[in-house]
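Colleague: This is the structure I have questions about; it appears just below.
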Amino acid sequence: MFVKIFRREWKDKLDLLIFACAGILLHILAFLLLPERRDLLDILTGAMTVIFLPFIGLLLGAGGFAAEFKDDAWAYLFSRPVKRSTIWLAKYAALLTILAAVLLAFSAAVRVVPGLSGTVADLGINDLGGGLSLMSLGFLLSWVLLTIGFSLSFLTERQYAVVFLSFLIWAALAFGVFRFWMPLLASHVGNPMSPGVLFPFTILIPAALAVASLWALLRTDFSQPARKARDFAKFAAPLLIAALILGTIWTTARVSREIGRRIFELQVQGSSAYFATPGKILRFDAEGGRLRTIARARAPWGRIAVGGDKVVFIKYAFETRRNVFADLWMMNTDGSGAASLGVTSRKGSPFFGLHPVSFQISPDGQGVVFAAKNFRERPARWLIGSVKTDGTGLEAFPLDIDEASWAWIHFVGWSPDGRGPLVYLFPDGRAMREAAAVSRLVRFDLETGSSELLAENTHFIHPILNLSVSRQFVALVSRSEADQRLLVLMDITSRERREVVRADSIEWYRWTDDGNRLAFLAGKRRLGVYSSAEKRVIISREFENFDPGRLGPALTWVREGAGLALKVVRNGAGYLVELDGDLSEQQAMPFPFDVNEAGYLVGIGASVFVLNSDKDQLWLADLDTGAWRKIY
């Protein structure tokens, strides 16, 4: 009987399957016939993924029991020698397979049609549920609306009413969770919630309605429509409450686990290391061996900048359950004098309500420069801001550069005269794939608000490792005509370029503390040192059987520039290798953890900080004693 009901459901819904396939075919034809209309194709793809496919799922679900209302077929159906649960499961399974066929057809189109896969990827919502793509979101919503519609379809013969009620229930529950539940969780956990926290509710709420539907079908007297609706509501209410409770527990546990101990922005100044977690700023004094918390700050990404005797960081302020401000704060390096700069939370500020994404302390330690994207304008554009350490003198400058609306931004240093920051703009993934934009390094003048282009089509290994201490040179990686990578030094004032090395790849580079020498690792095995004073590579060495591990190489100067330390994998085991000035190996200290998890090294004297990225741990290696110490 299960198979008979399954087949009949497929036969009844065949016209809807054909309609869905026709919609997919029209979408394919639009891509083939209008390849140059990118904006239109983006709109069509987004509508197809998150509107059309879920609507097909809703129509399928809403018509789940439509045939049983014709000629009062309920009595006949229940008189057959088949359990009610079998009827429900057969119909639901049939509808799921029909929806799966539609989604499979769309997935095949995405893979086959030129450009469609890239468009779907470009429109992905990467902050949902740890990287939920647009297509995954559309498929999930299709299942959700099918399940809700099917759960309600036995209540009335008016299919349009089921469609409307299904959408209304889902919209009301989603709005309630998004508008009230998420801010409540944010204030409890101490971090803003991304829409990804809706994922457990998205799964549990339809499941609760489906169980209530099955339960009501098993127990309800179908001769009394009013009672049928009351029984369904009676069963659904406690199940929905349970879904909300389980979703809250699920979300809270997940967020707490993912962001609880994450380490961000490891920076070293003098004999101290500073780093941030989602809940606090920490300082470790290498001389005294003491780790202490110097500030508590709610921030999921833990951005900090250290300069002079100041530390700038982002702190989230929960003014109400709905108003969350990500503001800049300033404090002394010992943790004293912490105060908000008020650049985004102060009414009347040109940055009010915006989010600062990159910031840096001025060379004299008296001010801060930062950037935020202004979404209130169309097209959205970047604003550069500057403010003094006491919160006064706030100024805003529009970044008047072509393609600045889509580019991302990062500060990589300051000009030698200290008048303005060096701003690195790089395109998003879509622009890079379409070759519609290039990366740019510009010098921004805070006195005039003007910008000067310094370089194009370049990239950096790490945002804070590029500028020499004297701020005279910036290290850039570019591509040669032979498709090789070039490591070059550019004089910021004269724009003179000096080629350091060319290779198939430039893996890592690091300045000495005095800014006179640049160590580099090229082609995965060649380690060299370039002298900016002598304008040449003064020493170079090829490593045999060198394996940097999964997270790539890490390289740092040690013993005040007299030697180097780098990560090496040998026969599957990881070592922190110390080299002297001649690049001869002095010692190899085995890592106390899987080497693939070591992603970043910072040297202080005869010690090396090692960031275990996978486990969010910070270790300190003593090169004199060969001992390891777990700091965090």
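Residue numbering restarts at 1 for every chain of the structure tokens, chains are lettered A, B, ... in their displayed order, and ligands are numbered from 1 as they appear.
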Quick one: residues within 12 Å of Ile87 of chain A, only C-alpha atoms, excluding same-chain residues fewer than 4 positions away - as JSON, numbers by chain?
Modeller: {"A": [1, 2, 3, 4, 5, 6, 8, 9, 64, 65, 68, 74, 77, 78, 80, 81, 82, 83, 91, 92, 93, 94, 154, 214, 217, 218]}
Colleague: Write out as a list in words the residues lying within 12 Å of Asp390 of chain A, counting only C-alpha atoms and excluding same-chain residues fewer than 5 positions away.
Modeller: Lys310, Val312, Leu328, Trp329, Met330, Met331, Asn332, Gly337, Ala338, Ala339, Ser340, Leu341, Gly342, Val343, Gly365, Gln366, Gly367 and Val368 of chain A
Colleague: Check segment 338-501 of chain A with DSSP on the backbone and list each residue it calls alpha helix (DSSP H), as a short mmCIF file (atom, residue, chain, number, x, y, z; two decimals) with N, CA, C and O atoms, in the first residue's frame.
Modeller:
```
data_model
loop_
_atom_site.label_atom_id
_atom_site.label_comp_id
_atom_site.auth_asym_id
_atom_site.auth_seq_id
_atom_site.Cartn_x
_atom_site.Cartn_y
_atom_site.Cartn_z
N GLY A 429 35.93 38.33 -4.28
CA GLY A 429 36.17 37.15 -5.10
C GLY A 429 35.59 37.25 -6.49
O GLY A 429 36.20 36.84 -7.47
N ARG A 430 34.40 37.83 -6.59
CA ARG A 430 33.76 37.92 -7.90
C ARG A 430 34.54 38.83 -8.84
O ARG A 430 34.77 38.51 -10.01
N ALA A 431 34.95 39.99 -8.33
CA ALA A 431 35.69 40.93 -9.18
C ALA A 431 37.01 40.32 -9.64
O ALA A 431 37.45 40.55 -10.77
N MET A 432 37.64 39.54 -8.78
CA MET A 432 38.90 38.92 -9.17
C MET A 432 38.68 37.88 -10.26
O MET A 432 39.45 37.76 -11.21
N ARG A 433 37.58 37.09 -10.13
CA ARG A 433 37.31 36.08 -11.15
C ARG A 433 36.98 36.70 -12.50
O ARG A 433 37.31 36.16 -13.54
#
```
Colleague: Please provide as a VMD selection string all residues within 10 Å of Gln587 of chain A, with the sequence filter that same-chain residues fewer than 4 positions apart are discarded (counting only C-alpha atoms).
Modeller: chain A and resid 565 575 to 580 623 626
Colleague: Write the selection just made, keeping N, CA, C and O atoms, as a compact mmCIF listing (two decimals), in the first residue's frame?
Modeller:
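What follows is the written file again.txt:
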```txt
# COMPACT_ATOMS: atom_id res chain seq x y z
N ALA A 565 64.17 31.80 12.99
CA ALA A 565 63.46 30.58 13.39
C ALA A 565 62.35 30.33 12.39
O ALA A 565 61.68 31.27 11.95
N TYR A 575 59.08 20.65 13.68
CA TYR A 575 60.19 21.19 14.45
C TYR A 575 60.25 22.71 14.30
O TYR A 575 59.97 23.24 13.21
N LEU A 576 60.62 23.37 15.36
CA LEU A 576 60.98 24.77 15.32
C LEU A 576 62.49 24.82 15.16
O LEU A 576 63.24 24.49 16.08
N VAL A 577 62.95 25.22 13.97
CA VAL A 577 64.36 25.18 13.64
C VAL A 577 64.96 26.57 13.81
O VAL A 577 64.44 27.55 13.27
N GLU A 578 66.08 26.65 14.54
CA GLU A 578 66.81 27.90 14.71
C GLU A 578 68.01 27.92 13.78
O GLU A 578 68.77 26.94 13.70
N LEU A 579 68.17 29.03 13.06
CA LEU A 579 69.29 29.22 12.16
C LEU A 579 70.11 30.42 12.62
O LEU A 579 69.57 31.38 13.16
N ASP A 580 71.42 30.37 12.37
CA ASP A 580 72.24 31.51 12.73
C ASP A 580 72.31 32.48 11.55
O ASP A 580 71.59 32.34 10.57
N LEU A 623 64.64 29.30 23.25
CA LEU A 623 65.71 28.75 22.42
C LEU A 623 66.97 28.43 23.22
O LEU A 623 67.78 27.61 22.77
N GLY A 626 65.59 25.12 25.27
CA GLY A 626 64.87 24.12 24.51
C GLY A 626 63.53 23.73 25.11
O GLY A 626 62.94 22.72 24.72
```
Colleague: Measuring between only C-alpha atoms, which one of A:Phe55, A:Phe69, A:Trp143, A:Phe313 shows the shortest distance to Thr97 of chain A?
Modeller: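 Counting only C-alpha atoms, the residue closest to Thr97 of chain A is A:Trp143.
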Colleague: So how many Å separate atom CA of Ala229 of chain A and atom CA of Lys13 of chain A, to one decimal?
Modeller: 25.5 Å
Colleague: So what do you get for atom CA of Val162 of chain A versus atom CA of Arg230 of chain A, distance-wise?
Modeller: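 These atoms are spaced 15.9 Å apart.
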Colleague: Ranking A:Asp582, A:Ile249, A:Gly176, A:Lys315 by minimum distance to Thr277 of chain A and counting only C-alpha atoms, which one comes first?
Modeller: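 Checking each candidate against Thr277 of chain A, we get A:Lys315 as the closest.
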Colleague: Need to verify the contact set: Gln617 of chain A, 9 Å, only C-alpha atoms, exclusion of same-chain residues closer than 4 positions in sequence. Can you return it as a PDB file with N, CA, C and O atoms, in the first residue's frame?
Modeller:
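Contents of selection_16.pdb, as written:
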```pdb
ATOM      1  N   ARG A 261      37.546  30.620  23.019  1.00  0.00           N
ATOM      2  CA  ARG A 261      38.969  30.789  23.276  1.00  0.00           C
ATOM      3  C   ARG A 261      39.748  31.188  22.020  1.00  0.00           C
ATOM      4  O   ARG A 261      40.970  31.099  21.995  1.00  0.00           O
ATOM      5  N   ARG A 262      39.073  31.612  20.992  1.00  0.00           N
ATOM      6  CA  ARG A 262      39.755  31.929  19.750  1.00  0.00           C
ATOM      7  C   ARG A 262      40.744  33.079  19.944  1.00  0.00           C
ATOM      8  O   ARG A 262      40.459  34.045  20.640  1.00  0.00           O
ATOM      9  N   ILE A 263      41.907  32.962  19.312  1.00  0.00           N
ATOM     10  CA  ILE A 263      42.973  33.959  19.455  1.00  0.00           C
ATOM     11  C   ILE A 263      43.055  34.794  18.180  1.00  0.00           C
ATOM     12  O   ILE A 263      43.068  34.256  17.077  1.00  0.00           O
ATOM     13  N   VAL A 610      54.557  30.879  19.389  1.00  0.00           N
ATOM     14  CA  VAL A 610      54.025  29.991  18.364  1.00  0.00           C
ATOM     15  C   VAL A 610      52.521  29.885  18.560  1.00  0.00           C
ATOM     16  O   VAL A 610      52.064  29.473  19.638  1.00  0.00           O
ATOM     17  N   LEU A 611      51.770  30.260  17.542  1.00  0.00           N
ATOM     18  CA  LEU A 611      50.319  30.197  17.613  1.00  0.00           C
ATOM     19  C   LEU A 611      49.841  28.863  17.046  1.00  0.00           C
ATOM     20  O   LEU A 611      50.064  28.549  15.883  1.00  0.00           O
ATOM     21  N   ASN A 612      49.202  28.076  17.893  1.00  0.00           N
ATOM     22  CA  ASN A 612      48.573  26.826  17.488  1.00  0.00           C
ATOM     23  C   ASN A 612      47.156  27.171  17.032  1.00  0.00           C
ATOM     24  O   ASN A 612      46.231  27.264  17.837  1.00  0.00           O
ATOM     25  N   SER A 613      47.000  27.399  15.740  1.00  0.00           N
ATOM     26  CA  SER A 613      45.756  27.964  15.228  1.00  0.00           C
ATOM     27  C   SER A 613      44.569  27.036  15.399  1.00  0.00           C
ATOM     28  O   SER A 613      43.449  27.487  15.668  1.00  0.00           O
ATOM     29  N   LYS A 630      53.203  26.499  27.584  1.00  0.00           N
ATOM     30  CA  LYS A 630      51.881  26.846  27.085  1.00  0.00           C
ATOM     31  C   LYS A 630      51.390  28.075  27.824  1.00  0.00           C
ATOM     32  O   LYS A 630      51.186  28.042  29.040  1.00  0.00           O
ATOM     33  N   ILE A 631      51.172  29.171  27.070  1.00  0.00           N
ATOM     34  CA  ILE A 631      50.767  30.434  27.674  1.00  0.00           C
ATOM     35  C   ILE A 631      49.254  30.534  27.790  1.00  0.00           C
ATOM     36  O   ILE A 631      48.699  30.982  28.792  1.00  0.00           O
ATOM     37  N   TYR A 632      48.566  30.107  26.729  1.00  0.00           N
ATOM     38  CA  TYR A 632      47.101  30.260  26.696  1.00  0.00           C
ATOM     39  C   TYR A 632      46.502  29.096  25.934  1.00  0.00           C
ATOM     40  O   TYR A 632      47.033  28.700  24.892  1.00  0.00           O
TER      41      TYR A 632
END
```
Colleague: Would you please work out which residue, of A:Leu168, A:Leu620, A:Ile98, A:Leu239, is nearest to Arg7 of chain A when using only C-alpha atoms?
Modeller: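 Counting only C-alpha atoms, the residue closest to Arg7 of chain A is A:Ile98.
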Colleague: Nearest residue to Ile56 of chain A out of A:Trp250, A:Gln267, A:Phe19, A:Ser478, using only C-alpha atoms?
Modeller: A:Phe19
Colleague: What does the distance from atom CA of Gly270 of chain A to atom CA of Ile604 of chain A come to in Å, to one decimal?
Modeller: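 Between these atoms lies a distance of 8.0 Å.
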Colleague: Neighbouring residues of Ala66 of chain A were defined as those with any atom within 12 Å, considering only C-alpha atoms; residues of the same chain fewer than 4 positions away were excluded. Please report them as a PyMOL selection string.
Modeller: chain A and resi 9+12-13+59-62+70-74+91+149-150+152-162
Colleague: Selection from above, N, CA and C atoms, as a PDB file, in the first residue's frame, can you write it?
Modeller:
```
ATOM      1  N   GLU A   9       0.942   9.680  -5.618  1.00  0.00           N
ATOM      2  CA  GLU A   9       1.351  11.052  -5.298  1.00  0.00           C
ATOM      3  C   GLU A   9       2.248  11.615  -6.395  1.00  0.00           C
ATOM      4  N   ASP A  12      -0.039  12.521  -9.282  1.00  0.00           N
ATOM      5  CA  ASP A  12      -0.825  13.728  -9.038  1.00  0.00           C
ATOM      6  C   ASP A  12       0.013  14.996  -9.124  1.00  0.00           C
ATOM      7  N   LYS A  13       1.287  14.916  -8.781  1.00  0.00           N
ATOM      8  CA  LYS A  13       2.138  16.118  -8.729  1.00  0.00           C
ATOM      9  C   LYS A  13       3.044  16.249  -9.938  1.00  0.00           C
ATOM     10  N   LEU A  59       4.282  24.676  -2.581  1.00  0.00           N
ATOM     11  CA  LEU A  59       3.145  24.166  -3.340  1.00  0.00           C
ATOM     12  C   LEU A  59       3.029  22.645  -3.221  1.00  0.00           C
ATOM     13  N   LEU A  60       4.175  21.969  -3.250  1.00  0.00           N
ATOM     14  CA  LEU A  60       4.145  20.519  -3.096  1.00  0.00           C
ATOM     15  C   LEU A  60       3.566  20.126  -1.736  1.00  0.00           C
ATOM     16  N   GLY A  61       4.073  20.775  -0.685  1.00  0.00           N
ATOM     17  CA  GLY A  61       3.602  20.435   0.648  1.00  0.00           C
ATOM     18  C   GLY A  61       2.147  20.786   0.868  1.00  0.00           C
ATOM     19  N   ALA A  62       1.735  21.953   0.379  1.00  0.00           N
ATOM     20  CA  ALA A  62       0.357  22.398   0.603  1.00  0.00           C
ATOM     21  C   ALA A  62      -0.652  21.498  -0.085  1.00  0.00           C
ATOM     22  N   LYS A  70     -11.259  15.608  -2.118  1.00  0.00           N
ATOM     23  CA  LYS A  70     -12.145  15.488  -3.263  1.00  0.00           C
ATOM     24  C   LYS A  70     -13.142  14.351  -3.017  1.00  0.00           C
ATOM     25  N   ASP A  71     -14.389  14.630  -3.169  1.00  0.00           N
ATOM     26  CA  ASP A  71     -15.454  13.630  -2.993  1.00  0.00           C
ATOM     27  C   ASP A  71     -15.395  12.960  -1.627  1.00  0.00           C
ATOM     28  N   ASP A  72     -14.853  13.702  -0.637  1.00  0.00           N
ATOM     29  CA  ASP A  72     -14.789  13.186   0.735  1.00  0.00           C
ATOM     30  C   ASP A  72     -14.116  11.802   0.781  1.00  0.00           C
ATOM     31  N   ALA A  73     -12.908  11.738   0.234  1.00  0.00           N
ATOM     32  CA  ALA A  73     -12.185  10.470   0.128  1.00  0.00           C
ATOM     33  C   ALA A  73     -11.554  10.017   1.433  1.00  0.00           C
ATOM     34  N   TRP A  74     -11.660  10.821   2.487  1.00  0.00           N
ATOM     35  CA  TRP A  74     -11.061  10.437   3.766  1.00  0.00           C
ATOM     36  C   TRP A  74     -11.645   9.106   4.260  1.00  0.00           C
ATOM     37  N   LYS A  91       3.096   9.642   1.637  1.00  0.00           N
ATOM     38  CA  LYS A  91       2.886  10.922   0.970  1.00  0.00           C
ATOM     39  C   LYS A  91       4.082  11.855   1.172  1.00  0.00           C
ATOM     40  N   GLY A 149       4.042  23.163   4.906  1.00  0.00           N
ATOM     41  CA  GLY A 149       2.829  23.058   4.098  1.00  0.00           C
ATOM     42  C   GLY A 149       2.187  21.689   4.207  1.00  0.00           C
ATOM     43  N   PHE A 150       3.001  20.636   4.161  1.00  0.00           N
ATOM     44  CA  PHE A 150       2.468  19.279   4.282  1.00  0.00           C
ATOM     45  C   PHE A 150       1.862  19.040   5.664  1.00  0.00           C
ATOM     46  N   LEU A 152       0.294  21.090   7.450  1.00  0.00           N
ATOM     47  CA  LEU A 152      -0.992  21.780   7.580  1.00  0.00           C
ATOM     48  C   LEU A 152      -2.010  21.338   6.531  1.00  0.00           C
ATOM     49  N   SER A 153      -1.583  20.575   5.525  1.00  0.00           N
ATOM     50  CA  SER A 153      -2.434  20.316   4.371  1.00  0.00           C
ATOM     51  C   SER A 153      -3.651  19.455   4.697  1.00  0.00           C
ATOM     52  N   PHE A 154      -3.650  18.700   5.802  1.00  0.00           N
ATOM     53  CA  PHE A 154      -4.792  17.860   6.135  1.00  0.00           C
ATOM     54  C   PHE A 154      -5.890  18.641   6.867  1.00  0.00           C
ATOM     55  N   LEU A 155      -5.639  19.933   7.155  1.00  0.00           N
ATOM     56  CA  LEU A 155      -6.602  20.698   7.934  1.00  0.00           C
ATOM     57  C   LEU A 155      -7.748  21.246   7.085  1.00  0.00           C
ATOM     58  N   THR A 156      -7.510  21.580   5.820  1.00  0.00           N
ATOM     59  CA  THR A 156      -8.539  22.212   5.003  1.00  0.00           C
ATOM     60  C   THR A 156      -8.343  21.860   3.536  1.00  0.00           C
ATOM     61  N   GLU A 157      -9.427  21.889   2.781  1.00  0.00           N
ATOM     62  CA  GLU A 157      -9.352  21.620   1.356  1.00  0.00           C
ATOM     63  C   GLU A 157      -8.926  22.843   0.555  1.00  0.00           C
ATOM     64  N   ARG A 158      -8.909  24.017   1.179  1.00  0.00           N
ATOM     65  CA  ARG A 158      -8.527  25.239   0.480  1.00  0.00           C
ATOM     66  C   ARG A 158      -6.991  25.323   0.420  1.00  0.00           C
ATOM     67  N   GLN A 159      -6.447  24.944  -0.695  1.00  0.00           N
ATOM     68  CA  GLN A 159      -4.992  24.870  -0.816  1.00  0.00           C
ATOM     69  C   GLN A 159      -4.345  26.245  -0.707  1.00  0.00           C
ATOM     70  N   TYR A 160      -5.001  27.269  -1.245  1.00  0.00           N
ATOM     71  CA  TYR A 160      -4.440  28.615  -1.142  1.00  0.00           C
ATOM     72  C   TYR A 160      -4.334  29.055   0.312  1.00  0.00           C
ATOM     73  N   ALA A 161      -5.297  28.610   1.151  1.00  0.00           N
ATOM     74  CA  ALA A 161      -5.243  28.944   2.574  1.00  0.00           C
ATOM     75  C   ALA A 161      -4.061  28.260   3.252  1.00  0.00           C
ATOM     76  N   VAL A 162      -3.789  27.015   2.841  1.00  0.00           N
ATOM     77  CA  VAL A 162      -2.634  26.303   3.398  1.00  0.00           C
ATOM     78  C   VAL A 162      -1.335  27.001   3.005  1.00  0.00           C
TER      79      VAL A 162
END
```
Colleague: Nearest residue to Gly308 of chain A out of A:Glu287, A:Asp327, A:Asp334, A:Glu456, using only C-alpha atoms?
Modeller: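 With only C-alpha atoms as the atom set, the closest residue is A:Asp334.
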Colleague: Point out the residue among A:Phe370, A:Tyr509, A:Phe139, A:Phe426 with the least atom-to-atom distance to Val50 of chain A, counting only C-alpha atoms.
Modeller: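 Looking only at the distances to Val50 of chain A, the closest residue turns out to be A:Phe139.
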Colleague: Could you please write out, as an MDAnalysis selection string, every residue of segment 256-390 of chain A that DSSP assigns to strand (DSSP E)?
Modeller: chainID A and resid 264:269 272:276 280:285 290:296 304:307 310:318 324:332 339:340 356:361 367:374 381:388
Colleague: I'd like the contact shell of Pro398 of chain A - 7 Å cut-off, only C-alpha atoms, skipping same-chain residues fewer than 5 positions apart - returned as a PyMOL selection string.
Modeller: chain A and resi 382-384
